[in-house]
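K.L.:
File target.cif below, mmCIF, C-alpha atoms:
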data_target
#
loop_
_atom_site.label_atom_id
_atom_site.label_comp_id
_atom_site.auth_asym_id
_atom_site.auth_seq_id
_atom_site.Cartn_x
_atom_site.Cartn_y
_atom_site.Cartn_z
CA MET A 1 0.00 0.00 0.00
CA MET A 2 2.45 2.63 -1.19
CA VAL A 3 -0.40 4.93 -2.23
CA GLU A 4 -1.54 5.03 1.38
CA ILE A 5 1.87 6.40 2.40
CA LEU A 6 1.48 9.17 -0.22
CA TRP A 7 -1.92 10.08 1.21
CA MET A 8 -0.49 10.19 4.75
CA LEU A 9 2.35 12.39 3.47
CA THR A 10 -0.21 14.73 1.91
CA LEU A 11 -2.08 15.00 5.20
CA PHE A 12 1.20 15.52 7.07
CA LEU A 13 2.19 18.41 4.77
CA LEU A 14 -1.24 20.01 5.21
CA SER A 15 -1.02 19.66 9.01
CA THR A 16 2.45 21.23 9.09
CA ALA A 17 1.18 24.07 6.89
CA LEU A 18 -1.69 24.58 9.33
CA VAL A 19 0.76 24.87 12.26
CA LEU A 20 2.99 27.34 10.39
CA GLY A 21 0.00 29.44 9.34
CA PHE A 22 -1.27 29.47 12.91
CA LEU A 23 2.15 30.65 14.11
CA ARG A 24 1.88 33.67 11.81
CA LEU A 25 -1.72 34.22 12.94
CA ALA A 26 -0.61 34.30 16.57
CA ARG A 27 2.59 36.29 16.05
CA GLY A 28 1.77 38.58 13.08
CA PRO A 29 2.84 42.09 14.08
CA ARG A 30 -0.08 43.89 12.42
CA LEU A 31 -3.71 43.15 11.65
CA PRO A 32 -3.16 42.62 7.87
CA ASP A 33 -0.65 39.85 8.66
CA ARG A 34 -3.29 38.05 10.69
CA VAL A 35 -5.86 38.49 7.91
CA ILE A 36 -3.49 36.92 5.37
CA ALA A 37 -2.75 34.05 7.76
CA LEU A 38 -6.49 33.47 8.18
CA ASP A 39 -6.89 33.44 4.39
CA LEU A 40 -4.14 30.82 4.09
CA ILE A 41 -5.64 28.72 6.90
CA THR A 42 -8.96 28.69 5.05
CA ILE A 43 -7.24 27.32 1.93
CA ILE A 44 -5.46 24.67 4.03
CA VAL A 45 -8.78 23.58 5.57
CA MET A 46 -10.19 23.46 2.03
CA GLY A 47 -7.35 21.05 1.22
CA PHE A 48 -8.31 18.84 4.18
CA ILE A 49 -11.93 18.81 3.05
CA ILE A 50 -10.93 17.88 -0.51
CA VAL A 51 -8.73 15.02 0.70
CA THR A 52 -11.59 13.77 2.88
CA ALA A 53 -14.01 13.98 -0.06
CA VAL A 54 -11.74 11.91 -2.31
CA ARG A 55 -10.87 9.30 0.34
CA THR A 56 -14.46 8.74 1.49
CA ARG A 57 -15.91 9.06 -2.05
CA GLN A 58 -18.47 11.58 -0.77
CA THR A 59 -19.12 14.39 -3.24
CA ALA A 60 -21.13 16.36 -0.69
CA PHE A 61 -17.90 17.52 0.97
CA LEU A 62 -17.01 19.48 -2.17
CA ASP A 63 -19.89 21.88 -1.56
CA ALA A 64 -18.38 22.67 1.84
CA ALA A 65 -15.08 23.51 0.11
CA ILE A 66 -16.85 25.87 -2.30
CA VAL A 67 -18.71 27.61 0.54
CA LEU A 68 -15.44 27.94 2.48
CA ALA A 69 -13.74 29.64 -0.50
CA LEU A 70 -16.68 32.04 -0.82
CA ILE A 71 -16.72 32.93 2.88
CA SER A 72 -12.94 33.40 2.95
CA PHE A 73 -13.13 35.94 0.11
CA LEU A 74 -15.97 37.86 1.76
CA GLY A 75 -14.15 37.90 5.09
CA THR A 76 -10.94 39.19 3.55
CA VAL A 77 -12.76 41.96 1.70
CA ALA A 78 -14.61 42.96 4.87
CA PHE A 79 -11.33 43.09 6.82
CA ALA A 80 -9.74 45.18 4.05
CA TYR A 81 -12.58 47.71 4.30
CA ALA A 82 -12.30 47.77 8.09
CA ILE A 83 -8.52 48.35 8.01
CA GLU A 84 -8.83 51.10 5.42
CA ARG A 85 -11.60 52.88 7.34
CA ARG A 86 -9.65 52.69 10.61
CA VAL A 87 -6.88 54.96 9.26
CA MET B 1 -2.18 3.37 -11.95
CA SER B 2 -4.76 6.13 -11.96
CA GLU B 3 -4.93 6.21 -8.17
CA TRP B 4 -1.16 6.82 -8.19
CA ILE B 5 -1.62 9.82 -10.50
CA ILE B 6 -4.44 11.17 -8.33
CA ALA B 7 -2.42 10.77 -5.13
CA LEU B 8 0.64 12.36 -6.75
CA VAL B 9 -1.27 15.43 -8.00
CA MET B 10 -2.90 15.74 -4.57
CA PHE B 11 0.53 15.52 -2.94
CA GLY B 12 1.82 18.24 -5.30
CA GLY B 13 -1.04 20.52 -4.31
CA ALA B 14 -0.39 19.93 -0.62
CA PHE B 15 3.31 20.61 -1.20
CA PHE B 16 2.59 23.99 -2.80
CA ILE B 17 0.25 24.91 0.07
CA PHE B 18 3.04 23.90 2.47
CA LEU B 19 5.46 26.17 0.56
CA ALA B 20 2.97 29.01 0.89
CA SER B 21 2.81 28.54 4.66
CA VAL B 22 6.62 28.45 4.90
CA GLY B 23 6.60 31.71 2.93
CA ILE B 24 4.08 33.36 5.24
CA LEU B 25 6.23 32.46 8.24
CA ARG B 26 9.70 33.28 6.87
CA MET B 27 9.19 36.33 4.62
CA PRO B 28 10.32 39.58 6.26
CA ASP B 29 7.52 41.87 5.14
CA LEU B 30 3.72 41.90 4.80
CA PHE B 31 3.83 42.44 1.06
CA LEU B 32 6.37 39.68 0.47
CA ARG B 33 4.29 37.35 2.65
CA MET B 34 1.23 38.16 0.59
CA SER B 35 3.13 37.57 -2.64
CA ALA B 36 4.24 34.16 -1.35
CA THR B 37 0.84 32.99 -0.12
CA SER B 38 -1.58 34.24 -2.75
CA LYS B 39 0.22 32.62 -5.68
CA ALA B 40 1.45 29.35 -4.17
CA ALA B 41 -1.76 28.63 -2.23
CA THR B 42 -3.91 29.25 -5.31
CA LEU B 43 -1.78 26.84 -7.34
CA GLY B 44 -1.93 24.25 -4.57
CA ALA B 45 -5.69 24.44 -4.17
CA GLY B 46 -6.09 24.32 -7.96
CA LEU B 47 -3.99 21.15 -8.17
CA MET B 48 -5.98 19.50 -5.36
CA LEU B 49 -9.29 20.38 -7.02
CA GLY B 50 -8.00 19.07 -10.35
CA ALA B 51 -7.06 15.80 -8.65
CA THR B 52 -10.61 15.64 -7.26
CA ALA B 53 -12.05 16.01 -10.75
CA LEU B 54 -9.77 13.16 -11.91
CA ALA B 55 -10.63 10.95 -8.92
CA PHE B 56 -14.40 10.99 -9.29
CA GLY B 57 -14.56 11.06 -13.06
CA GLU B 58 -18.11 12.41 -13.01
CA PHE B 59 -19.33 15.39 -14.96
CA SER B 60 -21.04 17.11 -12.01
CA VAL B 61 -17.97 16.83 -9.76
CA ALA B 62 -15.62 18.01 -12.51
CA THR B 63 -17.85 21.02 -13.16
CA ARG B 64 -17.91 21.94 -9.49
CA ALA B 65 -14.13 21.56 -9.20
CA LEU B 66 -13.56 23.68 -12.31
CA ALA B 67 -15.98 26.35 -11.06
CA THR B 68 -14.12 26.48 -7.73
CA ILE B 69 -10.76 26.82 -9.52
CA VAL B 70 -12.09 29.70 -11.64
CA PHE B 71 -13.59 31.32 -8.54
CA LEU B 72 -10.26 31.07 -6.70
CA LEU B 73 -8.36 32.47 -9.71
CA ILE B 74 -10.71 35.47 -9.78
CA THR B 75 -11.04 36.22 -6.07
CA THR B 76 -7.54 35.60 -4.68
CA PRO B 77 -5.80 38.47 -6.56
CA VAL B 78 -8.69 40.81 -5.74
CA ALA B 79 -8.53 40.00 -2.02
CA ALA B 80 -4.72 40.26 -1.95
CA HIS B 81 -4.83 43.63 -3.69
CA MET B 82 -7.47 45.00 -1.31
CA ILE B 83 -5.53 43.87 1.78
CA ALA B 84 -2.26 45.26 0.38
CA ARG B 85 -3.87 48.62 -0.37
CA ALA B 86 -5.44 48.83 3.09
CA ALA B 87 -2.16 47.83 4.73
CA TYR B 88 -0.30 50.49 2.74
CA PHE B 89 -2.66 53.15 4.07
CA ASP B 90 -2.31 51.65 7.54
CA GLY B 91 1.44 52.38 7.37
CA VAL B 92 2.71 48.82 7.52
CA PRO B 93 6.55 48.94 7.65
CA LEU B 94 8.48 47.79 4.61
CA PHE B 95 11.37 45.33 4.55
CA PRO B 96 14.62 47.30 5.25
CA GLY B 97 16.14 45.91 2.07
CA THR B 98 13.43 47.44 -0.10
CA LEU B 99 15.10 49.26 -2.99
CA LEU B 100 12.21 51.21 -4.48
CA ASP B 101 8.73 52.24 -3.34
CA GLU B 102 7.16 54.05 -6.25
CA LEU B 103 3.85 54.76 -4.48
CA ARG B 104 5.25 56.91 -1.63
CA GLY B 105 4.12 60.51 -1.92
CA HIS B 106 1.48 59.69 -4.54
CA TYR B 107 -1.36 58.65 -2.24
CA HIS B 108 -3.65 61.22 -0.64
CA LEU B 109 -4.23 60.36 3.03
CA THR B 110 -7.78 61.67 3.41
CA ASN B 111 -9.63 60.66 0.24
CA HIS B 112 -7.28 57.74 -0.71
CA THR B 113 -6.74 58.81 -4.32
CA LEU B 114 -3.62 58.68 -6.45
CA ASP B 115 -1.82 61.60 -8.08
CA SER B 116 1.01 61.31 -10.57
CA VAL B 117 2.90 64.28 -9.09
CA VAL B 118 5.02 63.51 -6.01
CA GLN B 119 3.79 65.67 -3.11
CA ASP B 120 6.00 66.78 -0.25
CA SER B 121 3.55 67.87 2.47
CA THR B 122 3.60 65.10 5.03
CA ASP B 123 0.26 65.84 6.72
CA THR B 124 -2.04 65.07 3.78
CA TRP B 125 0.14 62.71 1.71
CA ILE B 126 1.89 59.51 2.63
CA PRO B 127 5.45 60.87 2.78
CA GLU B 128 8.48 59.81 0.80
CA ILE B 129 10.94 57.95 3.04
CA GLU B 130 14.61 58.35 2.24
CA GLY B 131 17.49 55.89 2.60
CA ASP B 132 17.82 54.00 5.88
CA ASP B 133 14.79 55.53 7.57
CA PHE B 134 12.67 52.42 7.13
CA PRO B 135 11.06 51.39 10.42
CA GLU B 136 12.18 48.24 12.14
CA VAL B 137 10.57 44.99 10.98
CA ARG B 138 9.72 42.55 13.69
#
Would you write the structure of this file as structure tokens?
P.N.:
Amino acid sequence: MMVEILWMLTLFLLSTALVLGFLRLARGPRLPDRVIALDLITIIVMGFIIVTAVRTRQTAFLDAAIVLALISFLGTVAFAYAIERRV
Amino acid sequence: MSEWIIALVMFGGAFFIFLASVGILRMPDLFLRMSATSKAATLGAGLMLGATALAFGEFSVATRALATIVFLLITTPVAAHMIARAAYFDGVPLFPGTLLDELRGHYHLTNHTLDSVVQDSTDTWIPEIEGDDFPEVR
């Protein structure tokens, strides 16, 4: 089962990416840094959802990924407006 | 054989997302961080969605995956540009090794519009910063 090792490696890379993104979210000197980190974390979670959808053969998970992409964009735009108004 | 291809493309996507998260942690500057994440993460998510379309082999799934890729390709640059613009007005410090900032002195502080003439009054325009005066980057 060499393919299984590749899947585990994929999940390992995504988990490490999640930890690194969270480090920037916690540390990030300014608010825009945190917003970018949140954007990246959303994409990483999308990756987890996609892997789950393929491995369980459930297409319903894909709709969750689409909704997550939509909400991430709206959130980023809202934060951009808030940061620009704050000045 | 096909499950190998699917797993490999999925692994490639995860690898590019991992590179994006290394970039967001290691880059010295907000704008460099944004440049690292927005491109690499979009490519990674696109690869993973493409692998999904290959894995299921159904028309409805492929359409949804393709629609999500197109949506990401449209929205990620827009979101990155909006955040970068807002951060620039917020006065986010630049990387000390920055060689050229062509926008300094062109942006009006109150109504957020551009002008092609470089202004020198520092109270209404984002001022031009000379030489080594860049603020410290944490």
K.L.:
Could you tell me how far atom CA of A:Ala80 sits from atom CA of A:Gly47, in Å to one decimal place?
P.N.:
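Distance reported for this atom pair: 24.4 Å.
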K.L.:
Hey, which of B:Arg104, B:Phe71, B:Asp90, B:His81 ends up closest to A:Leu70? Count only C-alpha atoms.
P.N.:
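Once distances to A:Leu70 are computed over only C-alpha atoms, the minimum belongs to B:Phe71.
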K.L.:
Go through A:Ala60, A:Val51, A:Ala17, A:Val35 one by one, measure the shortest atom-to-atom distance of each to chain B using only C-alpha atoms, and give the residue with the smallest value.
P.N.:
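Checking each candidate against chain B, we get A:Ala17 as the closest.
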K.L.:
Quick one, how far is atom CA of A:Arg86 from atom CA of A:Pro29?
P.N.:
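Rounded to one decimal, the two atoms are 16.7 Å apart.
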K.L.:
Could you list the residues in chain A lying within 7 Å of chain B, using only C-alpha atoms, and format the result as a list in words?
P.N.:
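Residues of chain A within 7 Å of chain B, counting only C-alpha atoms: Val3, Leu6, Trp7, Thr10, Leu13, Leu14, Ala17, Leu20, Gly21, Arg24, Pro29, Pro32, Asp33, Ile36, Leu40, Ile43, Ile44, Gly47, Val54, Ile66, Phe73, Thr76, Val77, Ala80, Ile83, Glu84 and Val87 of chain A.
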K.L.:
Can you measure atom CA of A:Ala65 to atom CA of B:Leu73 for me? One decimal in Å is fine.
P.N.:
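Distance between the two atoms: 14.9 Å.
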